>>> print(open('data_35.cif').read())   # mmCIF, N, CA and C atoms
data_work
#
loop_
_atom_site.label_atom_id
_atom_site.label_comp_id
_atom_site.auth_asym_id
_atom_site.auth_seq_id
_atom_site.Cartn_x
_atom_site.Cartn_y
_atom_site.Cartn_z
N LEU Y 293 -3.17 -6.37 -5.11
CA LEU Y 293 -3.22 -4.92 -5.01
C LEU Y 293 -2.97 -4.50 -3.57
N VAL Y 294 -1.96 -3.67 -3.37
CA VAL Y 294 -1.76 -3.00 -2.10
C VAL Y 294 -2.23 -1.57 -2.36
N PRO Y 295 -3.48 -1.26 -1.98
CA PRO Y 295 -4.04 0.05 -2.32
C PRO Y 295 -3.44 1.18 -1.51
N LEU Y 296 -3.59 2.38 -2.02
CA LEU Y 296 -3.10 3.58 -1.35
C LEU Y 296 -3.68 3.71 0.04
N ASP Y 297 -4.95 3.43 0.18
CA ASP Y 297 -5.60 3.43 1.49
C ASP Y 297 -6.88 2.62 1.39
N GLY Y 298 -7.64 2.59 2.47
CA GLY Y 298 -8.81 1.74 2.53
C GLY Y 298 -10.09 2.35 2.00
N ARG Y 299 -10.03 3.56 1.46
CA ARG Y 299 -11.25 4.18 0.93
C ARG Y 299 -11.79 3.36 -0.25
N PRO Y 300 -13.11 3.37 -0.43
CA PRO Y 300 -13.70 2.61 -1.53
C PRO Y 300 -13.10 2.95 -2.90
N VAL Y 301 -12.76 4.20 -3.12
CA VAL Y 301 -12.22 4.58 -4.42
C VAL Y 301 -10.85 3.93 -4.67
N CYS Y 302 -10.14 3.62 -3.63
CA CYS Y 302 -8.81 3.00 -3.78
C CYS Y 302 -8.85 1.48 -3.72
N ARG Y 303 -9.80 0.93 -3.03
CA ARG Y 303 -9.86 -0.50 -2.82
C ARG Y 303 -11.03 -1.15 -3.56
N ASP Y 304 -12.24 -0.79 -3.17
CA ASP Y 304 -13.43 -1.45 -3.70
C ASP Y 304 -13.61 -1.23 -5.20
N MET Y 305 -13.33 -0.02 -5.66
CA MET Y 305 -13.50 0.23 -7.09
C MET Y 305 -12.50 -0.58 -7.92
N ALA Y 306 -11.30 -0.79 -7.39
CA ALA Y 306 -10.32 -1.62 -8.09
C ALA Y 306 -10.78 -3.08 -8.13
N ILE Y 307 -11.34 -3.55 -7.03
CA ILE Y 307 -11.88 -4.91 -7.00
C ILE Y 307 -13.01 -5.06 -8.02
N ASN Y 308 -13.90 -4.09 -8.05
CA ASN Y 308 -15.04 -4.14 -8.98
C ASN Y 308 -14.58 -4.01 -10.43
N ALA Y 309 -13.58 -3.19 -10.69
CA ALA Y 309 -13.05 -3.09 -12.05
C ALA Y 309 -12.44 -4.41 -12.49
N GLY Y 310 -11.78 -5.09 -11.58
CA GLY Y 310 -11.24 -6.41 -11.89
C GLY Y 310 -12.33 -7.40 -12.27
N LYS Y 311 -13.44 -7.34 -11.55
CA LYS Y 311 -14.56 -8.24 -11.86
C LYS Y 311 -15.08 -7.99 -13.27
N ILE Y 312 -15.12 -6.74 -13.68
CA ILE Y 312 -15.58 -6.41 -15.04
C ILE Y 312 -14.68 -7.08 -16.07
N GLY Y 313 -13.38 -7.09 -15.80
CA GLY Y 313 -12.42 -7.72 -16.71
C GLY Y 313 -12.19 -9.19 -16.44
N ASN Y 314 -13.00 -9.78 -15.57
CA ASN Y 314 -12.90 -11.19 -15.21
C ASN Y 314 -11.58 -11.53 -14.50
N PHE Y 315 -11.11 -10.59 -13.65
CA PHE Y 315 -9.93 -10.80 -12.83
C PHE Y 315 -10.32 -10.71 -11.36
N ALA Y 316 -9.78 -11.58 -10.57
CA ALA Y 316 -9.95 -11.48 -9.12
C ALA Y 316 -8.83 -10.58 -8.60
N VAL Y 317 -9.20 -9.49 -7.98
CA VAL Y 317 -8.21 -8.58 -7.41
C VAL Y 317 -8.07 -8.91 -5.92
N LEU Y 318 -6.91 -9.39 -5.57
CA LEU Y 318 -6.63 -9.77 -4.19
C LEU Y 318 -6.12 -8.53 -3.45
N THR Y 319 -6.73 -8.24 -2.31
CA THR Y 319 -6.32 -7.09 -1.50
C THR Y 319 -6.06 -7.56 -0.07
N PRO Y 320 -5.27 -6.80 0.66
CA PRO Y 320 -4.96 -7.19 2.04
C PRO Y 320 -6.18 -7.08 2.94
N PRO Y 321 -6.17 -7.77 4.05
CA PRO Y 321 -7.28 -7.64 5.00
C PRO Y 321 -7.43 -6.19 5.45
N SER Y 322 -8.65 -5.76 5.59
CA SER Y 322 -8.93 -4.37 5.98
C SER Y 322 -8.24 -3.98 7.28
N LYS Y 323 -8.09 -4.93 8.20
CA LYS Y 323 -7.50 -4.61 9.51
C LYS Y 323 -6.04 -4.17 9.39
N LEU Y 324 -5.38 -4.48 8.27
CA LEU Y 324 -3.99 -4.06 8.08
C LEU Y 324 -3.89 -2.64 7.52
N GLN Y 325 -4.97 -2.18 6.93
CA GLN Y 325 -4.93 -0.88 6.28
C GLN Y 325 -5.22 0.24 7.27
N ASP Y 326 -4.95 1.44 6.79
CA ASP Y 326 -5.20 2.63 7.59
C ASP Y 326 -6.68 2.74 7.92
N PHE Y 327 -6.97 3.50 8.95
CA PHE Y 327 -8.35 3.83 9.28
C PHE Y 327 -8.41 5.32 9.53
N TYR Y 328 -8.79 6.06 8.51
CA TYR Y 328 -8.86 7.51 8.50
C TYR Y 328 -7.54 8.12 8.93
N SER Y 329 -7.39 8.54 10.18
CA SER Y 329 -6.14 9.19 10.58
C SER Y 329 -5.16 8.24 11.26
N LEU Y 330 -5.51 6.97 11.37
CA LEU Y 330 -4.59 5.97 11.93
C LEU Y 330 -3.87 5.26 10.79
N PRO Y 331 -2.53 5.27 10.80
CA PRO Y 331 -1.81 4.60 9.71
C PRO Y 331 -1.99 3.09 9.73
N GLY Y 332 -1.82 2.49 8.56
CA GLY Y 332 -1.89 1.04 8.45
C GLY Y 332 -0.65 0.38 9.02
N GLU Y 333 -0.70 -0.92 9.12
CA GLU Y 333 0.39 -1.72 9.68
C GLU Y 333 1.35 -2.10 8.55
N THR Y 334 2.38 -1.30 8.36
CA THR Y 334 3.27 -1.48 7.22
C THR Y 334 4.01 -2.83 7.24
N GLU Y 335 4.48 -3.23 8.39
CA GLU Y 335 5.23 -4.50 8.47
C GLU Y 335 4.31 -5.68 8.14
N ALA Y 336 3.12 -5.69 8.69
CA ALA Y 336 2.17 -6.77 8.41
C ALA Y 336 1.73 -6.73 6.95
N MET Y 337 1.61 -5.54 6.39
CA MET Y 337 1.24 -5.39 4.98
C MET Y 337 2.33 -5.98 4.07
N ARG Y 338 3.57 -5.78 4.45
CA ARG Y 338 4.67 -6.34 3.66
C ARG Y 338 4.66 -7.87 3.74
N ARG Y 339 4.41 -8.40 4.94
CA ARG Y 339 4.33 -9.87 5.08
C ARG Y 339 3.21 -10.41 4.21
N TRP Y 340 2.04 -9.75 4.24
CA TRP Y 340 0.90 -10.19 3.42
C TRP Y 340 1.29 -10.18 1.95
N THR Y 341 1.98 -9.14 1.53
CA THR Y 341 2.37 -9.02 0.13
C THR Y 341 3.31 -10.16 -0.28
N LEU Y 342 4.29 -10.46 0.57
CA LEU Y 342 5.21 -11.56 0.27
C LEU Y 342 4.49 -12.90 0.20
N GLU Y 343 3.54 -13.12 1.10
CA GLU Y 343 2.80 -14.38 1.12
C GLU Y 343 1.85 -14.49 -0.07
N SER Y 344 1.29 -13.39 -0.51
CA SER Y 344 0.28 -13.40 -1.57
C SER Y 344 0.88 -13.37 -2.97
N ALA Y 345 2.03 -12.75 -3.14
CA ALA Y 345 2.61 -12.55 -4.46
C ALA Y 345 2.74 -13.83 -5.30
N PRO Y 346 3.17 -14.96 -4.74
CA PRO Y 346 3.32 -16.15 -5.58
C PRO Y 346 2.01 -16.64 -6.20
N HIS Y 347 0.88 -16.19 -5.69
CA HIS Y 347 -0.42 -16.63 -6.18
C HIS Y 347 -1.04 -15.63 -7.16
N CYS Y 348 -0.29 -14.62 -7.56
CA CYS Y 348 -0.82 -13.53 -8.37
C CYS Y 348 -0.17 -13.48 -9.74
N GLN Y 349 -0.88 -12.85 -10.68
CA GLN Y 349 -0.35 -12.64 -12.03
C GLN Y 349 0.46 -11.36 -12.12
N ALA Y 350 0.23 -10.44 -11.19
CA ALA Y 350 0.96 -9.16 -11.15
C ALA Y 350 0.74 -8.56 -9.77
N ALA Y 351 1.61 -7.62 -9.42
CA ALA Y 351 1.47 -6.90 -8.15
C ALA Y 351 1.42 -5.41 -8.43
N LEU Y 352 0.40 -4.77 -7.91
CA LEU Y 352 0.23 -3.32 -8.01
C LEU Y 352 0.34 -2.80 -6.58
N ILE Y 353 1.39 -2.03 -6.30
CA ILE Y 353 1.76 -1.72 -4.93
C ILE Y 353 1.85 -0.22 -4.68
N SER Y 354 1.16 0.21 -3.64
CA SER Y 354 1.29 1.59 -3.18
C SER Y 354 2.50 1.69 -2.27
N ILE Y 355 3.48 2.44 -2.71
CA ILE Y 355 4.67 2.68 -1.89
C ILE Y 355 4.27 3.42 -0.61
N ASP Y 356 3.33 4.34 -0.72
CA ASP Y 356 2.89 5.11 0.44
C ASP Y 356 2.26 4.23 1.51
N GLN Y 357 1.55 3.20 1.09
CA GLN Y 357 0.95 2.27 2.05
C GLN Y 357 2.04 1.45 2.74
N LEU Y 358 2.99 0.96 1.96
CA LEU Y 358 4.04 0.10 2.53
C LEU Y 358 5.08 0.89 3.31
N LEU Y 359 5.26 2.15 2.98
CA LEU Y 359 6.29 2.95 3.65
C LEU Y 359 5.73 3.71 4.86
N CYS Y 360 4.55 4.32 4.69
CA CYS Y 360 4.02 5.20 5.74
C CYS Y 360 2.72 4.70 6.37
N GLY Y 361 2.02 3.82 5.69
CA GLY Y 361 0.75 3.33 6.23
C GLY Y 361 -0.46 3.95 5.57
N GLY Y 362 -0.30 4.57 4.40
CA GLY Y 362 -1.43 5.12 3.68
C GLY Y 362 -1.23 6.57 3.28
N LEU Y 363 -2.24 7.10 2.61
CA LEU Y 363 -2.17 8.46 2.06
C LEU Y 363 -2.00 9.52 3.14
N LEU Y 364 -2.88 9.54 4.12
CA LEU Y 364 -2.81 10.57 5.14
C LEU Y 364 -1.50 10.48 5.93
N ALA Y 365 -1.09 9.28 6.26
CA ALA Y 365 0.16 9.11 6.99
C ALA Y 365 1.35 9.61 6.16
N ALA Y 366 1.30 9.40 4.84
CA ALA Y 366 2.38 9.88 3.97
C ALA Y 366 2.42 11.41 3.96
N ARG Y 367 1.27 12.03 4.12
CA ARG Y 367 1.22 13.49 4.15
C ARG Y 367 1.71 14.05 5.48
N GLU Y 368 1.53 13.30 6.54
CA GLU Y 368 1.78 13.83 7.88
C GLU Y 368 3.18 13.55 8.41
N LYS Y 369 3.89 12.60 7.83
CA LYS Y 369 5.22 12.32 8.36
C LYS Y 369 6.18 12.00 7.23
N ALA Y 370 7.42 12.37 7.45
CA ALA Y 370 8.46 12.03 6.49
C ALA Y 370 9.07 10.69 6.91
N ALA Y 371 9.30 9.85 5.96
CA ALA Y 371 9.92 8.55 6.25
C ALA Y 371 11.39 8.77 6.61
N THR Y 372 11.85 7.98 7.55
CA THR Y 372 13.26 8.05 7.94
C THR Y 372 14.11 7.26 6.94
N ASN Y 373 15.40 7.49 6.99
CA ASN Y 373 16.30 6.73 6.12
C ASN Y 373 16.21 5.23 6.41
N ASP Y 374 16.06 4.86 7.68
CA ASP Y 374 15.94 3.45 8.04
C ASP Y 374 14.66 2.84 7.46
N GLU Y 375 13.55 3.59 7.51
CA GLU Y 375 12.29 3.09 6.95
C GLU Y 375 12.40 2.93 5.43
N ILE Y 376 13.04 3.86 4.79
CA ILE Y 376 13.23 3.78 3.34
C ILE Y 376 14.11 2.58 2.99
N THR Y 377 15.15 2.37 3.76
CA THR Y 377 16.04 1.22 3.53
C THR Y 377 15.28 -0.10 3.69
N LEU Y 378 14.44 -0.18 4.73
CA LEU Y 378 13.64 -1.40 4.92
C LEU Y 378 12.71 -1.64 3.74
N LEU Y 379 12.12 -0.59 3.21
CA LEU Y 379 11.23 -0.74 2.05
C LEU Y 379 12.00 -1.22 0.84
N ILE Y 380 13.16 -0.65 0.60
CA ILE Y 380 13.98 -1.08 -0.54
C ILE Y 380 14.38 -2.55 -0.39
N GLU Y 381 14.77 -2.94 0.81
CA GLU Y 381 15.10 -4.35 1.05
C GLU Y 381 13.90 -5.25 0.81
N PHE Y 382 12.72 -4.80 1.24
CA PHE Y 382 11.49 -5.56 1.00
C PHE Y 382 11.25 -5.74 -0.50
N LEU Y 383 11.36 -4.65 -1.26
CA LEU Y 383 11.10 -4.72 -2.70
C LEU Y 383 12.12 -5.63 -3.39
N ARG Y 384 13.35 -5.59 -2.95
CA ARG Y 384 14.36 -6.50 -3.52
C ARG Y 384 14.03 -7.96 -3.20
N ARG Y 385 13.58 -8.20 -1.98
CA ARG Y 385 13.20 -9.56 -1.60
C ARG Y 385 11.98 -10.01 -2.41
N LEU Y 386 11.00 -9.13 -2.57
CA LEU Y 386 9.81 -9.46 -3.36
C LEU Y 386 10.22 -9.85 -4.77
N ARG Y 387 11.13 -9.11 -5.38
CA ARG Y 387 11.61 -9.43 -6.73
C ARG Y 387 12.38 -10.75 -6.73
N ALA Y 388 13.26 -10.95 -5.76
CA ALA Y 388 14.07 -12.17 -5.72
C ALA Y 388 13.20 -13.42 -5.56
N GLU Y 389 12.15 -13.32 -4.76
CA GLU Y 389 11.29 -14.48 -4.52
C GLU Y 389 10.25 -14.68 -5.63
N ASN Y 390 10.07 -13.66 -6.46
CA ASN Y 390 9.08 -13.72 -7.54
C ASN Y 390 9.68 -13.11 -8.81
N PRO Y 391 10.69 -13.76 -9.38
CA PRO Y 391 11.46 -13.14 -10.47
C PRO Y 391 10.67 -12.87 -11.75
N THR Y 392 9.57 -13.57 -11.97
CA THR Y 392 8.82 -13.35 -13.20
C THR Y 392 7.54 -12.53 -12.98
N LEU Y 393 7.26 -12.17 -11.75
CA LEU Y 393 6.05 -11.42 -11.43
C LEU Y 393 6.18 -9.96 -11.86
N PRO Y 394 5.27 -9.47 -12.70
CA PRO Y 394 5.28 -8.04 -12.99
C PRO Y 394 4.92 -7.27 -11.72
N ILE Y 395 5.77 -6.31 -11.36
CA ILE Y 395 5.55 -5.51 -10.16
C ILE Y 395 5.41 -4.05 -10.60
N TYR Y 396 4.28 -3.46 -10.27
CA TYR Y 396 4.02 -2.06 -10.59
C TYR Y 396 3.86 -1.32 -9.27
N ALA Y 397 4.81 -0.46 -8.98
CA ALA Y 397 4.76 0.31 -7.74
C ALA Y 397 4.46 1.76 -8.07
N PHE Y 398 3.68 2.41 -7.22
CA PHE Y 398 3.33 3.81 -7.47
C PHE Y 398 3.38 4.58 -6.17
N GLY Y 399 3.59 5.87 -6.30
CA GLY Y 399 3.61 6.77 -5.15
C GLY Y 399 2.85 8.05 -5.49
N ILE Y 400 2.53 8.79 -4.48
CA ILE Y 400 1.80 10.04 -4.67
C ILE Y 400 2.72 11.21 -4.35
N LEU Y 401 2.34 12.37 -4.82
CA LEU Y 401 3.01 13.61 -4.44
C LEU Y 401 2.09 14.27 -3.42
N PRO Y 402 2.42 14.15 -2.12
CA PRO Y 402 1.50 14.64 -1.10
C PRO Y 402 1.47 16.17 -1.01
N ARG Y 403 0.31 16.65 -0.55
CA ARG Y 403 0.21 18.07 -0.22
C ARG Y 403 1.11 18.36 0.96
N ILE Y 404 1.44 19.61 1.13
CA ILE Y 404 2.26 19.97 2.29
C ILE Y 404 1.44 19.82 3.57
N THR Y 405 0.18 20.22 3.54
CA THR Y 405 -0.70 20.05 4.69
C THR Y 405 -2.01 19.46 4.21
N PRO Y 406 -2.67 18.66 5.06
CA PRO Y 406 -3.98 18.10 4.68
C PRO Y 406 -5.04 19.20 4.62
N GLN Y 407 -6.14 18.85 4.00
CA GLN Y 407 -7.26 19.81 3.96
C GLN Y 407 -7.69 20.13 5.38
N ASP Y 408 -8.29 21.30 5.57
CA ASP Y 408 -8.61 21.77 6.91
C ASP Y 408 -9.74 21.01 7.59
N THR Y 409 -10.41 20.11 6.89
CA THR Y 409 -11.48 19.34 7.51
C THR Y 409 -10.97 18.06 8.19
N ILE Y 410 -9.68 17.78 8.08
CA ILE Y 410 -9.12 16.57 8.65
C ILE Y 410 -8.52 16.89 10.02
N ASP Y 411 -9.08 16.30 11.06
CA ASP Y 411 -8.55 16.40 12.41
C ASP Y 411 -8.22 17.82 12.87
N GLY Y 412 -9.03 18.78 12.46
CA GLY Y 412 -8.90 20.12 12.98
C GLY Y 412 -7.76 20.96 12.40
N TYR Y 413 -7.20 20.56 11.25
CA TYR Y 413 -6.14 21.39 10.65
C TYR Y 413 -6.71 22.73 10.24
#
>>> encode(input="data_35.cif", output="structure tokens")
Amino acid sequence: LVPLDGRPVCRDMAINAGKIGNFAVLTPPSKLQDFYSLPGETEAMRRWTLESAPHCQAALISIDQLLCGGLLAAREKAATNDEITLLIEFLRRLRAENPTLPIYAFGILPRITPQDTIDGY
């Protein structure tokens, strides 16, 4: 699982739900993920995903995490064409190296502006 961000509702609850179903949910190290208003490390997150995928039964991937560094970062900046191209190349490589792995990617529809309680908006 490459979660949308590091909040418990996106990460910990998925891990706990997996335990209920007797599945181990593998997630990236917390240090790679966003920290509130600081975006996550997208390049390192992609490396982790490539390294981890062969050991998994499926991949559930947040495009926003891999492209922008998490939910808030996806709301605050538009991805460049080069960043989008890199993500597409990554996803193609992930598929090529793991041809039988089910890959489920998801994205969010961000608000135009964050709520006013975030960083003084």
>>> atom_distance(input="data_35.cif", atom1="atom N of Gly361 of chain Y", atom2="atom C of Val294 of chain Y")
10.6 Å
>>> closest_residue(input="data_35.cif", among="Y:Pro331, Y:Gly310, Y:Gly399, Y:Pro346", to="Lys369 of chain Y", atoms="only C-alpha atoms")
Y:Pro331
>>> atom_distance(input="data_35.cif", atom1="atom N of Thr372 of chain Y", atom2="atom CA of Arg339 of chain Y")
19.5 Å
>>> closest_residue(input="data_35.cif", among="Y:Ala306, Y:Trp340, Y:Arg385, Y:Ile400", to="Ala366 of chain Y", atoms="only C-alpha atoms")
Y:Ile400
>>> atom_distance(input="data_35.cif", atom1="atom N of Ser322 of chain Y", atom2="atom C of Arg338 of chain Y")
13.6 Å
>>> residues_around(input="data_35.cif", residues="segment 333-337 of chain Y", least_positions_apart="4", cutoff="8 Å", atoms="all atoms listed in the file", output="ChimeraX atom specification")
/Y:294,320-321,323-327,341-343,357-362
>>> select_by_dssp(input="data_35.cif", residues="chain Y", states="alpha helix (DSSP H)", output="PyMOL selection string")
chain Y and resi 304-312+334-344+355-359+363-368+373-389
>>> write_last_selection(input="data_35.cif", atoms="N, CA and C atoms", output="short mmCIF file (atom, residue, chain, number, x, y, z; two decimals), in the frame of the given file")
data_model
loop_
_atom_site.label_atom_id
_atom_site.label_comp_id
_atom_site.auth_asym_id
_atom_site.auth_seq_id
_atom_site.Cartn_x
_atom_site.Cartn_y
_atom_site.Cartn_z
N ASP Y 304 -12.24 -0.79 -3.17
CA ASP Y 304 -13.43 -1.45 -3.70
C ASP Y 304 -13.61 -1.23 -5.20
N MET Y 305 -13.33 -0.02 -5.66
CA MET Y 305 -13.50 0.23 -7.09
C MET Y 305 -12.50 -0.58 -7.92
N ALA Y 306 -11.30 -0.79 -7.39
CA ALA Y 306 -10.32 -1.62 -8.09
C ALA Y 306 -10.78 -3.08 -8.13
N ILE Y 307 -11.34 -3.55 -7.03
CA ILE Y 307 -11.88 -4.91 -7.00
C ILE Y 307 -13.01 -5.06 -8.02
N ASN Y 308 -13.90 -4.09 -8.05
CA ASN Y 308 -15.04 -4.14 -8.98
C ASN Y 308 -14.58 -4.01 -10.43
N ALA Y 309 -13.58 -3.19 -10.69
CA ALA Y 309 -13.05 -3.09 -12.05
C ALA Y 309 -12.44 -4.41 -12.49
N GLY Y 310 -11.78 -5.09 -11.58
CA GLY Y 310 -11.24 -6.41 -11.89
C GLY Y 310 -12.33 -7.40 -12.27
N LYS Y 311 -13.44 -7.34 -11.55
CA LYS Y 311 -14.56 -8.24 -11.86
C LYS Y 311 -15.08 -7.99 -13.27
N ILE Y 312 -15.12 -6.74 -13.68
CA ILE Y 312 -15.58 -6.41 -15.04
C ILE Y 312 -14.68 -7.08 -16.07
N THR Y 334 2.38 -1.30 8.36
CA THR Y 334 3.27 -1.48 7.22
C THR Y 334 4.01 -2.83 7.24
N GLU Y 335 4.48 -3.23 8.39
CA GLU Y 335 5.23 -4.50 8.47
C GLU Y 335 4.31 -5.68 8.14
N ALA Y 336 3.12 -5.69 8.69
CA ALA Y 336 2.17 -6.77 8.41
C ALA Y 336 1.73 -6.73 6.95
N MET Y 337 1.61 -5.54 6.39
CA MET Y 337 1.24 -5.39 4.98
C MET Y 337 2.33 -5.98 4.07
N ARG Y 338 3.57 -5.78 4.45
CA ARG Y 338 4.67 -6.34 3.66
C ARG Y 338 4.66 -7.87 3.74
N ARG Y 339 4.41 -8.40 4.94
CA ARG Y 339 4.33 -9.87 5.08
C ARG Y 339 3.21 -10.41 4.21
N TRP Y 340 2.04 -9.75 4.24
CA TRP Y 340 0.90 -10.19 3.42
C TRP Y 340 1.29 -10.18 1.95
N THR Y 341 1.98 -9.14 1.53
CA THR Y 341 2.37 -9.02 0.13
C THR Y 341 3.31 -10.16 -0.28
N LEU Y 342 4.29 -10.46 0.57
CA LEU Y 342 5.21 -11.56 0.27
C LEU Y 342 4.49 -12.90 0.20
N GLU Y 343 3.54 -13.12 1.10
CA GLU Y 343 2.80 -14.38 1.12
C GLU Y 343 1.85 -14.49 -0.07
N SER Y 344 1.29 -13.39 -0.51
CA SER Y 344 0.28 -13.40 -1.57
C SER Y 344 0.88 -13.37 -2.97
N ILE Y 355 3.48 2.44 -2.71
CA ILE Y 355 4.67 2.68 -1.89
C ILE Y 355 4.27 3.42 -0.61
N ASP Y 356 3.33 4.34 -0.72
CA ASP Y 356 2.89 5.11 0.44
C ASP Y 356 2.26 4.23 1.51
N GLN Y 357 1.55 3.20 1.09
CA GLN Y 357 0.95 2.27 2.05
C GLN Y 357 2.04 1.45 2.74
N LEU Y 358 2.99 0.96 1.96
CA LEU Y 358 4.04 0.10 2.53
C LEU Y 358 5.08 0.89 3.31
N LEU Y 359 5.26 2.15 2.98
CA LEU Y 359 6.29 2.95 3.65
C LEU Y 359 5.73 3.71 4.86
N LEU Y 363 -2.24 7.10 2.61
CA LEU Y 363 -2.17 8.46 2.06
C LEU Y 363 -2.00 9.52 3.14
N LEU Y 364 -2.88 9.54 4.12
CA LEU Y 364 -2.81 10.57 5.14
C LEU Y 364 -1.50 10.48 5.93
N ALA Y 365 -1.09 9.28 6.26
CA ALA Y 365 0.16 9.11 6.99
C ALA Y 365 1.35 9.61 6.16
N ALA Y 366 1.30 9.40 4.84
CA ALA Y 366 2.38 9.88 3.97
C ALA Y 366 2.42 11.41 3.96
N ARG Y 367 1.27 12.03 4.12
CA ARG Y 367 1.22 13.49 4.15
C ARG Y 367 1.71 14.05 5.48
N GLU Y 368 1.53 13.30 6.54
CA GLU Y 368 1.78 13.83 7.88
C GLU Y 368 3.18 13.55 8.41
N ASN Y 373 15.40 7.49 6.99
CA ASN Y 373 16.30 6.73 6.12
C ASN Y 373 16.21 5.23 6.41
N ASP Y 374 16.06 4.86 7.68
CA ASP Y 374 15.94 3.45 8.04
C ASP Y 374 14.66 2.84 7.46
N GLU Y 375 13.55 3.59 7.51
CA GLU Y 375 12.29 3.09 6.95
C GLU Y 375 12.40 2.93 5.43
N ILE Y 376 13.04 3.86 4.79
CA ILE Y 376 13.23 3.78 3.34
C ILE Y 376 14.11 2.58 2.99
N THR Y 377 15.15 2.37 3.76
CA THR Y 377 16.04 1.22 3.53
C THR Y 377 15.28 -0.10 3.69
N LEU Y 378 14.44 -0.18 4.73
CA LEU Y 378 13.64 -1.40 4.92
C LEU Y 378 12.71 -1.64 3.74
N LEU Y 379 12.12 -0.59 3.21
CA LEU Y 379 11.23 -0.74 2.05
C LEU Y 379 12.00 -1.22 0.84
N ILE Y 380 13.16 -0.65 0.60
CA ILE Y 380 13.98 -1.08 -0.54
C ILE Y 380 14.38 -2.55 -0.39
N GLU Y 381 14.77 -2.94 0.81
CA GLU Y 381 15.10 -4.35 1.05
C GLU Y 381 13.90 -5.25 0.81
N PHE Y 382 12.72 -4.80 1.24
CA PHE Y 382 11.49 -5.56 1.00
C PHE Y 382 11.25 -5.74 -0.50
N LEU Y 383 11.36 -4.65 -1.26
CA LEU Y 383 11.10 -4.72 -2.70
C LEU Y 383 12.12 -5.63 -3.39
N ARG Y 384 13.35 -5.59 -2.95
CA ARG Y 384 14.36 -6.50 -3.52
C ARG Y 384 14.03 -7.96 -3.20
N ARG Y 385 13.58 -8.20 -1.98
CA ARG Y 385 13.20 -9.56 -1.60
C ARG Y 385 11.98 -10.01 -2.41
N LEU Y 386 11.00 -9.13 -2.57
CA LEU Y 386 9.81 -9.46 -3.36
C LEU Y 386 10.22 -9.85 -4.77
N ARG Y 387 11.13 -9.11 -5.38
CA ARG Y 387 11.61 -9.43 -6.73
C ARG Y 387 12.38 -10.75 -6.73
N ALA Y 388 13.26 -10.95 -5.76
CA ALA Y 388 14.07 -12.17 -5.72
C ALA Y 388 13.20 -13.42 -5.56
N GLU Y 389 12.15 -13.32 -4.76
CA GLU Y 389 11.29 -14.48 -4.52
C GLU Y 389 10.25 -14.68 -5.63
#
>>> residues_around(input="data_35.cif", residues="Ala370 of chain Y", least_positions_apart="3", cutoff="12 Å", atoms="only C-alpha atoms", output="list in words")
Asp356, Leu359, Cys360, Gly361, Leu364, Ala365, Ala366, Arg367, Asn373, Asp374, Glu375, Ile376, Pro402 and Ile404 of chain Y
>>> select_by_dssp(input="data_35.cif", residues="chain Y", states="strand (DSSP E or B)", output="ChimeraX atom specification")
/Y:294,327,330,351-354,395-398
>>> write_last_selection(input="data_35.cif", atoms="N, CA and C atoms", output="short mmCIF file (atom, residue, chain, number, x, y, z; two decimals), keeping the file's coordinate frame")
data_model
loop_
_atom_site.label_atom_id
_atom_site.label_comp_id
_atom_site.auth_asym_id
_atom_site.auth_seq_id
_atom_site.Cartn_x
_atom_site.Cartn_y
_atom_site.Cartn_z
N VAL Y 294 -1.96 -3.67 -3.37
CA VAL Y 294 -1.76 -3.00 -2.10
C VAL Y 294 -2.23 -1.57 -2.36
N PHE Y 327 -6.97 3.50 8.95
CA PHE Y 327 -8.35 3.83 9.28
C PHE Y 327 -8.41 5.32 9.53
N LEU Y 330 -5.51 6.97 11.37
CA LEU Y 330 -4.59 5.97 11.93
C LEU Y 330 -3.87 5.26 10.79
N ALA Y 351 1.61 -7.62 -9.42
CA ALA Y 351 1.47 -6.90 -8.15
C ALA Y 351 1.42 -5.41 -8.43
N LEU Y 352 0.40 -4.77 -7.91
CA LEU Y 352 0.23 -3.32 -8.01
C LEU Y 352 0.34 -2.80 -6.58
N ILE Y 353 1.39 -2.03 -6.30
CA ILE Y 353 1.76 -1.72 -4.93
C ILE Y 353 1.85 -0.22 -4.68
N SER Y 354 1.16 0.21 -3.64
CA SER Y 354 1.29 1.59 -3.18
C SER Y 354 2.50 1.69 -2.27
N ILE Y 395 5.77 -6.31 -11.36
CA ILE Y 395 5.55 -5.51 -10.16
C ILE Y 395 5.41 -4.05 -10.60
N TYR Y 396 4.28 -3.46 -10.27
CA TYR Y 396 4.02 -2.06 -10.59
C TYR Y 396 3.86 -1.32 -9.27
N ALA Y 397 4.81 -0.46 -8.98
CA ALA Y 397 4.76 0.31 -7.74
C ALA Y 397 4.46 1.76 -8.07
N PHE Y 398 3.68 2.41 -7.22
CA PHE Y 398 3.33 3.81 -7.47
C PHE Y 398 3.38 4.58 -6.17
#
>>> resolve_selection(input="data_35.cif", expression="the PyMOL selection byres (((chain Y and resi 389 and name CA) around 12) and name CA)", output="JSON, numbers by chain")
{"Y": [341, 342, 343, 344, 345, 346, 382, 383, 384, 385, 386, 387, 388, 390, 391, 392, 393]}
>>> closest_residue(input="data_35.cif", among="Y:Ile355, Y:Ile380, Y:Ile312, Y:Leu330", to="Glu368 of chain Y", atoms="only C-alpha atoms")
Y:Leu330
>>> axis_aligned_box(input="data_35.cif", around="segment 328-347 of chain Y", padding_each_side="5 Å", output="lines of an AutoDock Vina configuration file")
center_x = -1.8
center_y = -3.7
center_z = 2.4
size_x = 24.1
size_y = 35.8
size_z = 29.1
